[in-house]
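Asker: The following file, query_33.cif, comprises mmCIF, C-alpha atoms, pLDDT in the B column; chains and numbers go by the auth columns:
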```cif
data_my_file
#
loop_
_atom_site.group_PDB
_atom_site.id
_atom_site.type_symbol
_atom_site.label_atom_id
_atom_site.label_comp_id
_atom_site.label_asym_id
_atom_site.label_seq_id
_atom_site.Cartn_x
_atom_site.Cartn_y
_atom_site.Cartn_z
_atom_site.B_iso_or_equiv
_atom_site.auth_seq_id
_atom_site.auth_asym_id
ATOM 1 C CA MET A 1 45.487 -35.255 16.908 74.00 1 C
ATOM 2 C CA GLY A 2 46.597 -35.970 13.341 82.00 2 C
ATOM 3 C CA GLY A 3 49.841 -34.078 13.875 86.00 3 C
ATOM 4 C CA THR A 4 50.525 -36.087 16.991 86.00 4 C
ATOM 5 C CA VAL A 5 50.008 -39.375 15.166 90.00 5 C
ATOM 6 C CA ALA A 6 52.254 -38.124 12.343 91.00 6 C
ATOM 7 C CA ALA A 7 54.970 -37.263 14.865 90.00 7 C
ATOM 8 C CA LEU A 8 54.660 -40.746 16.372 89.00 8 C
ATOM 9 C CA VAL A 9 54.917 -42.368 12.931 91.00 9 C
ATOM 10 C CA VAL A 10 58.010 -40.309 12.061 91.00 10 C
ATOM 11 C CA ALA A 11 59.571 -41.122 15.434 89.00 11 C
ATOM 12 C CA ALA A 12 58.856 -44.823 14.881 90.00 12 C
ATOM 13 C CA LEU A 13 60.355 -44.664 11.380 89.00 13 C
ATOM 14 C CA THR A 14 63.571 -43.337 12.882 87.00 14 C
ATOM 15 C CA LEU A 15 64.090 -46.817 14.322 87.00 15 C
ATOM 16 C CA VAL A 16 64.780 -48.170 10.830 86.00 16 C
ATOM 17 C CA PRO A 17 68.459 -47.052 10.556 81.00 17 C
ATOM 18 C CA PRO A 18 69.486 -48.453 13.966 84.00 18 C
ATOM 19 C CA LEU A 19 67.704 -51.728 13.263 87.00 19 C
ATOM 20 C CA LEU A 20 69.367 -51.912 9.864 83.00 20 C
ATOM 21 C CA GLY A 21 72.690 -51.296 11.591 81.00 21 C
ATOM 22 C CA VAL A 22 72.016 -54.147 14.011 87.00 22 C
ATOM 23 C CA TYR A 23 71.159 -56.358 11.049 87.00 23 C
ATOM 24 C CA LEU A 24 74.509 -55.451 9.472 81.00 24 C
ATOM 25 C CA GLY A 25 76.310 -56.236 12.718 85.00 25 C
ATOM 26 C CA LEU A 26 76.811 -52.640 13.823 80.00 26 C
ATOM 27 C CA TRP A 27 75.056 -52.959 17.172 84.00 27 C
ATOM 28 C CA PHE A 28 76.421 -49.619 18.424 82.00 28 C
ATOM 29 C CA LEU A 29 74.015 -47.798 16.086 78.00 29 C
ATOM 30 C CA LEU A 30 71.205 -48.983 18.348 83.00 30 C
ATOM 31 C CA LEU A 31 72.519 -46.575 20.977 82.00 31 C
ATOM 32 C CA GLY A 32 71.410 -43.704 18.764 79.00 32 C
ATOM 33 C CA SER A 33 67.736 -44.656 18.717 84.00 33 C
ATOM 34 C CA ASN A 34 65.107 -41.953 18.948 87.00 34 C
ATOM 35 C CA ILE A 35 63.551 -43.348 22.131 90.00 35 C
ATOM 36 C CA PRO A 36 62.828 -39.884 23.631 92.00 36 C
ATOM 37 C CA GLY A 37 60.905 -38.883 20.500 91.00 37 C
ATOM 38 C CA ILE A 38 58.776 -42.017 20.627 92.00 38 C
ATOM 39 C CA ALA A 39 58.135 -41.621 24.355 94.00 39 C
ATOM 40 C CA LEU A 40 57.170 -37.953 23.998 93.00 40 C
ATOM 41 C CA ALA A 41 54.788 -38.764 21.133 92.00 41 C
ATOM 42 C CA ILE A 42 53.096 -41.416 23.259 93.00 42 C
ATOM 43 C CA VAL A 43 52.796 -38.951 26.146 93.00 43 C
ATOM 44 C CA ALA A 44 51.283 -36.394 23.746 92.00 44 C
ATOM 45 C CA LEU A 45 48.690 -38.952 22.659 91.00 45 C
ATOM 46 C CA THR A 46 47.742 -39.637 26.275 92.00 46 C
ATOM 47 C CA LYS A 47 47.112 -35.915 26.877 90.00 47 C
ATOM 48 C CA VAL A 48 44.564 -35.589 24.030 85.00 48 C
ATOM 49 C CA PRO A 49 41.777 -33.648 25.780 87.00 49 C
ATOM 50 C CA ASP A 50 44.216 -30.965 26.998 87.00 50 C
ATOM 51 C CA THR A 51 45.288 -29.103 23.851 88.00 51 C
ATOM 52 C CA ASP A 52 48.017 -27.066 25.551 91.00 52 C
ATOM 53 C CA GLU A 53 49.745 -30.191 26.855 91.00 53 C
ATOM 54 C CA VAL A 54 49.393 -31.931 23.499 91.00 54 C
ATOM 55 C CA GLU A 55 50.960 -28.980 21.690 92.00 55 C
ATOM 56 C CA ARG A 56 53.837 -28.795 24.158 94.00 56 C
ATOM 57 C CA TYR A 57 54.688 -32.503 23.881 93.00 57 C
ATOM 58 C CA LEU A 58 54.180 -32.345 20.129 92.00 58 C
ATOM 59 C CA ARG A 59 56.828 -29.606 19.895 94.00 59 C
ATOM 60 C CA TYR A 60 59.185 -31.702 22.020 94.00 60 C
ATOM 61 C CA THR A 61 58.572 -34.733 19.796 93.00 61 C
ATOM 62 C CA TRP A 62 59.322 -32.833 16.582 93.00 62 C
ATOM 63 C CA ALA A 63 62.430 -31.334 18.204 94.00 63 C
ATOM 64 C CA CYS A 64 63.657 -34.856 19.023 93.00 64 C
ATOM 65 C CA ASN A 65 62.864 -36.031 15.493 91.00 65 C
ATOM 66 C CA LEU A 66 64.750 -33.100 13.970 92.00 66 C
ATOM 67 C CA ALA A 67 67.732 -33.552 16.279 92.00 67 C
ATOM 68 C CA TYR A 68 67.822 -37.255 15.480 88.00 68 C
ATOM 69 C CA GLY A 69 67.816 -36.516 11.770 86.00 69 C
ATOM 70 C CA LEU A 70 70.515 -33.876 12.010 90.00 70 C
ATOM 71 C CA LEU A 71 72.767 -36.042 14.174 85.00 71 C
ATOM 72 C CA GLY A 72 72.023 -39.327 12.432 78.00 72 C
ATOM 73 C CA VAL A 73 72.966 -38.265 8.915 82.00 73 C
ATOM 74 C CA PRO A 74 76.682 -37.638 9.642 86.00 74 C
ATOM 75 C CA VAL A 75 76.928 -40.924 11.560 79.00 75 C
ATOM 76 C CA MET A 76 75.382 -42.853 8.678 79.00 76 C
ATOM 77 C CA ILE A 77 77.726 -41.130 6.205 88.00 77 C
ATOM 78 C CA ILE A 78 80.744 -42.145 8.295 87.00 78 C
ATOM 79 C CA VAL A 79 79.509 -45.733 8.600 81.00 79 C
ATOM 80 C CA LEU A 80 78.827 -45.958 4.862 86.00 80 C
ATOM 81 C CA PHE A 81 82.243 -44.477 4.094 93.00 81 C
ATOM 82 C CA ALA A 82 83.927 -47.025 6.358 89.00 82 C
ATOM 83 C CA PHE A 83 81.928 -49.816 4.692 88.00 83 C
ATOM 84 C CA VAL A 84 82.908 -48.675 1.179 93.00 84 C
ATOM 85 C CA MET A 85 86.549 -48.324 2.193 94.00 85 C
ATOM 86 C CA ALA A 86 86.524 -51.809 3.703 92.00 86 C
ATOM 87 C CA LEU A 87 85.101 -53.173 0.463 93.00 87 C
ATOM 88 C CA ALA A 88 87.644 -51.273 -1.618 94.00 88 C
ATOM 89 C CA LEU A 89 90.572 -52.520 0.476 93.00 89 C
ATOM 90 C CA GLY A 90 89.305 -56.091 0.459 86.00 90 C
ATOM 91 C CA TYR A 91 88.565 -56.614 4.158 73.00 91 C
#
```
Could the structure of this file be written out as structure tokens, please?
Answerer:
Amino acid sequence: MGGTVAALVVAALTLVPPLLGVYLGLWFLLLGSNIPGIALAIVALTKVPDTDEVERYLRYTWACNLAYGLLGVPVMIIVLFAFVMALALGY
């Protein structure tokens, strides 16, 4: 059960970049939220007595977390690059 809670915490922490983007006025970053990872972690926690189901949903949750991390890093680099270029050009 500890691994399932850890997966839920990591999935919840993946909401920080989209919320920071909304705070900066980049609302489109909210479209890239890790909602499937959070939902799968919650489903895994509801299946606690059945270890096979918990393990299956736990694998799905970590796969969503990994995919979010791998896809989110290039997007954040592009956004940061655009922000730095806008500052450098005086916009």
Asker: Using the chain letters and numbers from this file, what does the PyMOL selection byres ((chain C and resi 64) around 9) select? Give the answer as a list of chain:residue names.
Answerer: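 After applying the PyMOL selection byres ((chain C and resi 64) around 9), what remains is C:Ala11, C:Asn34, C:Pro36, C:Gly37, C:Ile38, C:Leu40, C:Arg59, C:Tyr60, C:Thr61, C:Trp62, C:Ala63, C:Asn65, C:Leu66, C:Ala67, C:Tyr68, C:Gly69.
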Asker: With only C-alpha atoms as the counted atoms, please give the residues lying no more than 10 Å from stretch 21-24 of chain C, apart from itself and same-chain residues fewer than 5 positions off, as number ranges by chain.
Answerer: C: 16, 29-30, 76, 79
Asker: Work out how far apart atom CA of C:Ile77 and atom CA of C:Gly90 are and give it in Å to one decimal.
Answerer: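 Atom-to-atom, atom CA of C:Ile77 to atom CA of C:Gly90, that is 19.8 Å.
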Asker: Using all atoms listed in the file, which residue out of C:Leu45, C:Ala88, C:Asp52, C:Thr14 lies closest to C:Leu71?
Answerer: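 Comparing C:Leu45, C:Ala88, C:Asp52, C:Thr14 against C:Leu71, the winner is C:Thr14.
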Asker: What does the distance from atom CA of C:Tyr57 to atom CA of C:Leu19 come to in Å, to one decimal?
Answerer: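 Separation of atom CA of C:Tyr57 and atom CA of C:Leu19: 25.5 Å.
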Asker: I'd like the interatomic distance between atom CA of C:Gly72 and atom CA of C:Ala86, to a tenth of an Å.
Answerer: 21.0 Å
